[in-house]
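Asker: Input file: upload.txt. Contents: compact mmCIF, C-alpha atoms.
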```
# COMPACT_ATOMS: atom_id res chain seq x y z
CA MET A 17 -17.50 141.69 52.16
CA ILE A 18 -19.93 139.03 50.97
CA SER A 19 -22.05 141.33 48.78
CA GLY A 20 -18.90 142.71 47.16
CA ALA A 21 -17.16 139.39 46.61
CA VAL A 22 -20.20 137.73 45.06
CA GLN A 23 -20.08 140.32 42.24
CA ALA A 24 -16.34 139.97 41.51
CA ASP A 25 -14.46 138.08 38.80
CA LEU A 26 -11.14 138.04 40.67
CA ALA A 27 -9.88 138.98 44.12
CA VAL A 28 -6.84 140.87 45.39
CA LEU A 29 -5.64 139.90 48.86
CA VAL A 30 -3.39 142.62 50.31
CA ILE A 31 -0.87 141.37 52.89
CA SER A 32 1.40 143.49 55.05
CA ALA A 33 5.05 142.44 55.01
CA ARG A 34 5.86 144.61 58.03
CA LYS A 35 7.23 142.64 60.97
CA GLY A 36 4.40 141.74 63.30
CA GLU A 37 1.56 142.92 61.05
CA PHE A 38 1.60 139.84 58.81
CA GLU A 39 1.63 137.55 61.83
CA THR A 40 -1.28 139.46 63.42
CA GLY A 41 -3.39 139.30 60.26
CA PHE A 42 -2.73 135.69 59.32
CA GLU A 43 -1.48 133.64 62.24
CA ASN A 44 -3.30 134.99 65.28
CA GLY A 45 -6.94 134.71 64.31
CA GLY A 46 -6.82 137.72 61.98
CA GLN A 47 -9.19 138.32 59.08
CA THR A 48 -6.77 137.33 56.31
CA ARG A 49 -7.88 133.70 56.49
CA GLU A 50 -11.56 134.65 56.65
CA HIS A 51 -11.33 136.88 53.57
CA ALA A 52 -9.58 134.19 51.54
CA ILE A 53 -12.16 131.58 52.54
CA LEU A 54 -15.03 133.89 51.59
CA VAL A 55 -13.78 134.70 48.08
CA LYS A 56 -13.13 131.03 47.33
CA SER A 57 -16.51 129.97 48.72
CA LEU A 58 -18.27 132.60 46.60
CA GLY A 59 -16.81 131.23 43.38
CA ILE A 60 -13.82 133.48 42.68
CA LYS A 61 -11.22 131.38 40.91
CA HIS A 62 -8.37 133.91 40.46
CA LEU A 63 -6.54 135.35 43.48
CA ILE A 64 -3.74 137.93 43.37
CA VAL A 65 -1.77 138.30 46.60
CA LEU A 66 -0.05 141.68 47.00
CA ILE A 67 2.74 141.58 49.57
CA ASN A 68 2.51 145.25 50.56
CA LYS A 69 4.74 147.55 52.65
CA MET A 70 7.89 146.05 51.15
CA ASP A 71 9.51 149.48 51.57
CA ASP A 72 9.04 149.39 55.37
CA LYS A 73 12.27 149.69 57.35
CA THR A 74 11.63 146.28 58.94
CA VAL A 75 11.50 144.73 55.44
CA ASN A 76 13.56 146.91 53.06
CA TRP A 77 12.52 144.87 49.98
CA SER A 78 13.92 141.69 51.52
CA GLU A 79 13.47 138.58 49.38
CA ASP A 80 13.65 136.46 52.53
CA ARG A 81 10.70 138.31 54.10
CA PHE A 82 8.68 138.07 50.85
CA ASN A 83 9.33 134.31 50.68
CA GLU A 84 8.54 133.92 54.39
CA CYS A 85 5.08 135.47 53.91
CA LYS A 86 4.52 133.51 50.70
CA ASP A 87 5.57 130.17 52.20
CA LYS A 88 3.21 130.63 55.16
CA LEU A 89 0.27 131.56 52.91
CA LEU A 90 0.76 128.89 50.22
CA PRO A 91 -0.26 125.77 52.20
CA PHE A 92 -3.44 127.47 53.38
CA LEU A 93 -4.40 128.86 49.95
CA THR A 94 -3.55 125.70 47.99
CA LYS A 95 -4.23 122.70 50.24
CA LYS A 96 -7.15 124.08 52.26
CA LEU A 97 -8.82 126.37 49.72
CA GLY A 98 -7.81 124.78 46.42
CA PHE A 99 -6.13 127.64 44.54
CA ASP A 100 -3.64 126.25 42.00
CA PRO A 101 -0.48 128.27 41.17
CA SER A 102 0.31 125.98 38.23
CA LYS A 103 -2.92 127.11 36.53
CA LYS A 104 -2.02 130.76 37.17
CA ASP A 105 -5.03 131.31 39.42
CA LEU A 106 -2.73 132.32 42.30
CA THR A 107 -0.07 135.03 41.92
CA PHE A 108 2.21 136.80 44.42
CA ILE A 109 3.48 140.34 43.70
CA PRO A 110 5.71 142.53 45.94
CA VAL A 111 4.53 146.16 46.13
CA SER A 112 4.66 149.37 48.11
CA GLY A 113 1.33 151.17 48.29
CA LEU A 114 3.02 154.21 49.86
CA THR A 115 5.57 154.81 47.11
CA GLY A 116 3.61 153.15 44.28
CA ALA A 117 6.46 150.78 43.43
CA GLY A 118 5.18 147.57 41.86
CA ILE A 119 1.65 148.95 41.39
CA LYS A 120 1.75 150.53 37.93
CA ASP A 121 5.48 150.71 37.26
CA PRO A 122 8.12 148.03 37.98
CA VAL A 123 10.06 148.18 41.24
CA PRO A 124 13.51 149.77 40.59
CA CYS A 125 16.12 147.06 40.06
CA HIS A 126 18.39 148.35 42.82
CA LEU A 127 15.56 147.85 45.33
CA CYS A 128 14.19 144.51 44.17
CA PRO A 129 16.58 142.69 41.80
CA TRP A 130 15.11 139.28 42.70
CA TYR A 131 11.59 139.93 41.26
CA SER A 132 11.24 139.86 37.48
CA GLY A 133 7.46 139.54 37.14
CA PRO A 134 5.06 142.29 36.00
CA PRO A 135 3.68 145.05 38.26
CA PHE A 136 0.14 144.72 39.61
CA ILE A 137 -1.91 146.76 37.09
CA PRO A 138 -0.11 145.47 33.95
CA TYR A 139 -0.60 141.94 35.29
CA ILE A 140 -4.38 142.46 35.58
CA ASP A 141 -4.45 144.00 32.09
CA GLY A 142 -2.74 140.87 30.75
CA ILE A 143 -5.16 138.34 32.24
CA SER A 144 -7.12 136.42 29.61
CA THR A 145 -10.64 137.68 28.94
CA ILE A 146 -13.27 135.76 30.88
CA ASP A 147 -15.47 133.51 28.75
CA ARG A 148 -18.92 135.06 29.12
CA LYS A 149 -21.93 132.77 28.76
CA VAL A 150 -23.89 135.17 26.58
CA ASP A 151 -25.72 132.54 24.51
CA GLY A 152 -27.38 130.65 27.37
CA PRO A 153 -30.74 131.40 29.05
CA PHE A 154 -30.85 134.42 31.35
CA LEU A 155 -29.89 133.71 34.99
CA LEU A 156 -29.59 136.22 37.86
CA PRO A 157 -29.30 135.16 41.53
CA ILE A 158 -30.93 137.97 43.52
CA THR A 159 -28.61 139.50 46.14
CA GLY A 160 -30.76 142.44 47.25
CA LYS A 161 -34.05 144.30 46.71
CA TYR A 162 -35.78 147.59 47.51
CA LYS A 163 -39.03 149.42 46.81
CA ASP A 164 -38.87 152.94 45.36
CA LYS A 165 -41.18 155.91 46.00
CA LYS A 166 -43.41 154.95 43.08
CA GLY A 167 -44.01 151.50 44.55
CA SER A 168 -41.95 149.60 41.99
CA VAL A 169 -39.71 146.74 43.15
CA THR A 170 -36.05 146.66 42.10
CA VAL A 171 -33.74 143.68 42.53
CA MET A 172 -29.93 143.59 42.39
CA GLY A 173 -27.36 140.97 41.44
CA LYS A 174 -24.79 139.77 38.94
CA VAL A 175 -25.92 138.24 35.65
CA GLU A 176 -24.49 134.72 35.57
CA CYS A 177 -25.72 133.69 32.13
CA GLY A 178 -27.44 135.10 29.05
CA GLU A 179 -28.95 138.54 28.60
CA THR A 180 -32.27 140.35 29.03
CA ARG A 181 -33.88 143.51 27.69
CA LYS A 182 -36.45 146.06 28.84
CA GLY A 183 -39.97 144.73 28.33
CA GLN A 184 -38.96 141.06 28.44
CA SER A 185 -40.90 138.56 30.57
CA LEU A 186 -38.89 136.57 33.15
CA VAL A 187 -39.73 134.15 35.94
CA VAL A 188 -38.70 134.19 39.62
CA MET A 189 -37.64 130.75 40.79
CA PRO A 190 -38.45 128.57 42.64
CA PHE A 191 -41.92 130.16 43.01
CA LYS A 192 -42.45 130.37 39.22
CA THR A 193 -43.78 133.93 39.44
CA GLU A 194 -43.86 135.61 36.03
CA VAL A 195 -42.57 139.20 35.98
CA THR A 196 -41.83 141.90 33.39
CA VAL A 197 -38.64 143.97 33.13
CA GLU A 198 -39.59 147.66 33.50
CA GLY A 199 -36.10 149.15 33.79
CA LEU A 200 -32.43 148.17 33.73
CA TRP A 201 -29.31 149.70 35.25
CA SER A 202 -25.73 148.48 34.82
CA ASN A 203 -23.05 150.07 37.02
CA GLU A 204 -25.59 152.75 38.00
CA LYS A 205 -26.25 153.72 34.34
CA LYS A 206 -29.67 153.21 32.75
CA VAL A 207 -29.46 150.75 29.83
CA VAL A 208 -31.82 148.86 27.50
CA SER A 209 -30.15 145.46 27.91
CA VAL A 210 -27.74 143.64 30.25
CA GLY A 211 -25.59 140.53 29.79
CA HIS A 212 -23.44 137.97 31.56
CA GLY A 213 -20.97 139.47 34.03
CA ASP A 214 -22.86 142.75 34.51
CA ASN A 215 -23.68 143.94 38.03
CA VAL A 216 -27.22 145.19 37.58
CA LYS A 217 -30.42 146.58 39.04
CA ILE A 218 -33.67 145.42 37.45
CA ARG A 219 -37.04 147.06 38.11
CA LEU A 220 -39.78 144.42 37.97
CA LYS A 221 -43.52 144.50 37.37
CA GLY A 222 -45.87 141.74 38.52
CA ILE A 223 -44.52 140.89 41.97
CA GLU A 224 -44.66 142.36 45.47
CA GLU A 225 -41.59 143.19 47.55
CA ASN A 226 -42.49 140.70 50.30
CA ASN A 227 -42.43 137.90 47.71
CA LEU A 228 -38.78 138.59 46.88
CA SER A 229 -35.72 137.75 48.95
CA PRO A 230 -31.97 137.26 48.42
CA GLY A 231 -31.30 133.77 47.11
CA LEU A 232 -34.20 133.62 44.67
CA VAL A 233 -33.23 133.39 41.00
CA LEU A 234 -34.51 135.51 38.12
CA CYS A 235 -34.62 133.31 35.00
CA HIS A 236 -35.57 133.10 31.36
CA LEU A 237 -39.30 132.44 31.07
CA THR A 238 -39.08 129.29 28.94
CA ALA A 239 -35.80 127.95 30.36
CA PRO A 240 -35.84 128.42 34.15
CA CYS A 241 -33.16 126.98 36.41
CA THR A 242 -33.76 123.56 37.94
CA THR A 243 -34.66 123.21 41.60
CA GLY A 244 -33.41 120.76 44.20
CA LYS A 245 -34.26 119.57 47.71
CA VAL A 246 -30.81 118.30 48.74
CA PHE A 247 -27.36 119.89 48.49
CA ASP A 248 -23.86 119.23 49.84
CA ALA A 249 -22.02 121.90 51.82
CA GLN A 250 -18.70 122.15 53.63
CA VAL A 251 -18.90 123.99 56.94
```
Now that the file is in, can you turn its structure into structure tokens?

Answerer:
Amino acid sequence: MISGAVQADLAVLVISARKGEFETGFENGGQTREHAILVKSLGIKHLIVLINKMDDKTVNWSEDRFNECKDKLLPFLTKKLGFDPSKKDLTFIPVSGLTGAGIKDPVPCHLCPWYSGPPFIPYIDGISTIDRKVDGPFLLPITGKYKDKKGSVTVMGKVECGETRKGQSLVVMPFKTEVTVEGLWSNEKKVVSVGHGDNVKIRLKGIEENNLSPGLVLCHLTAPCTTGKVFDAQV
């Protein structure tokens, strides 16, 4: 959950509208709250809430049941986590995963006359393009590592700023270890360069595996990230 969410630009929280299932997932110590807290804590600013199973016989596309689930979720998502519906970073959509209604095509009017918004996939397609920080210095928080059969060390993560190319020199912070990029992969495909927003694997030369760990940051050689000794956290 954490390794997946840290690489995402937006999150989709799927909620069951079926009687009893929503209450189990959200009200009685279920994982719905935990998942929402994780995505917000890991920096995801846009959340889409799919109210699923609207076709269930206990729901039957009821507007009252949709609003009941929404009204119980809203205080938690807005007041406790900080999502803001007015800025369009929180959206609720009624769907049926079983029949496909509301996923790609609109829900038939005779089933759901009270919802006039877009279906799920067209809504995602219409979201504004994320402003990528391609002009800044390269920055990659390391989320994982492994050593291949040839002895080379490969790190994984999401590029947060800038771009890098094969053969470029980088620095691992905060230890200021200089390394060289030997190979690049983006979405499992070998490439010659990667940029902001890409989920990548980078094979490095000049450092041992035991000197790398998740949390270290791979940076531009002449513009490394700053370091600190004190930080604030909410537990």

Asker: Determine, counting only C-alpha atoms, every residue of protein, DNA or RNA that lies within 7 Å of (8.3, 145.5, 61.2) in the file coordinates, then give the result as JSON, numbers by chain.

Answerer: {"A": [34, 35, 36, 73, 74, 75]}

Asker: Using all atoms listed in the file, determine which residues lie at most 8 Å from Val216 (chain A), disregarding the query and same-chain residues fewer than 2 positions distant; provide the list as a VMD selection string.

Answerer: chain A and resid 172 to 175 200 to 204 210 214 218

Asker: Pick out the residues sitting within 9 Å of Ile109 (chain A), and hand them over as a list in words; count all atoms listed in the file, and ignore anything fewer than 4 positions along from it in its own chain.

Answerer: Ile64, Val65, Leu66, Ile67, Asn68, Gly118, Tyr131, Gly133, Pro134, Pro135 and Phe136 of chain A

Asker: Nearest residue to Glu84 (chain A) out of A:Leu54, A:Val22, A:Ala33, A:Val123, using only C-alpha atoms?

Answerer: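 Of all the options, A:Ala33 lies closest to Glu84 (chain A).
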
Asker: One number please: CA of Thr159 (chain A) to CA of Lys206 (chain A), in Å, one decimal.

Answerer: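 Rounded to one decimal, the two atoms are 19.2 Å apart.
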
Asker: A:Gly183, A:Gly167, A:Pro101, A:Gly20: which is nearest His62 (chain A), counting only C-alpha atoms?

Answerer: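 The shortest atom-to-atom distance to His62 (chain A) comes from A:Pro101.
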
Asker: From the list A:Ile223, A:Ile31, A:Ile119, A:Leu90, which residue is nearest Thr170 (chain A) when using all atoms listed in the file?

Answerer: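 Among A:Ile223, A:Ile31, A:Ile119, A:Leu90, it is A:Ile223 that comes nearest to Thr170 (chain A).
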
Asker: Quick one: distance from CA of Gly231 (chain A) to CA of Phe154 (chain A) in Å, one decimal?

Answerer: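 Between these atoms lies a distance of 15.8 Å.
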
Asker: Quick one: pull the distance between CA of Glu39 (chain A) and CA of Met17 (chain A), Å, one decimal.

Answerer: 21.8 Å

Asker: Got a sec: who's within 12 Å of Lys221 (chain A), counting all atoms listed in the file, leaving out chain neighbours fewer than 4 positions off, as a PyMOL selection string?

Answerer: chain A and resi 163+166-171+182-188+193-199+225
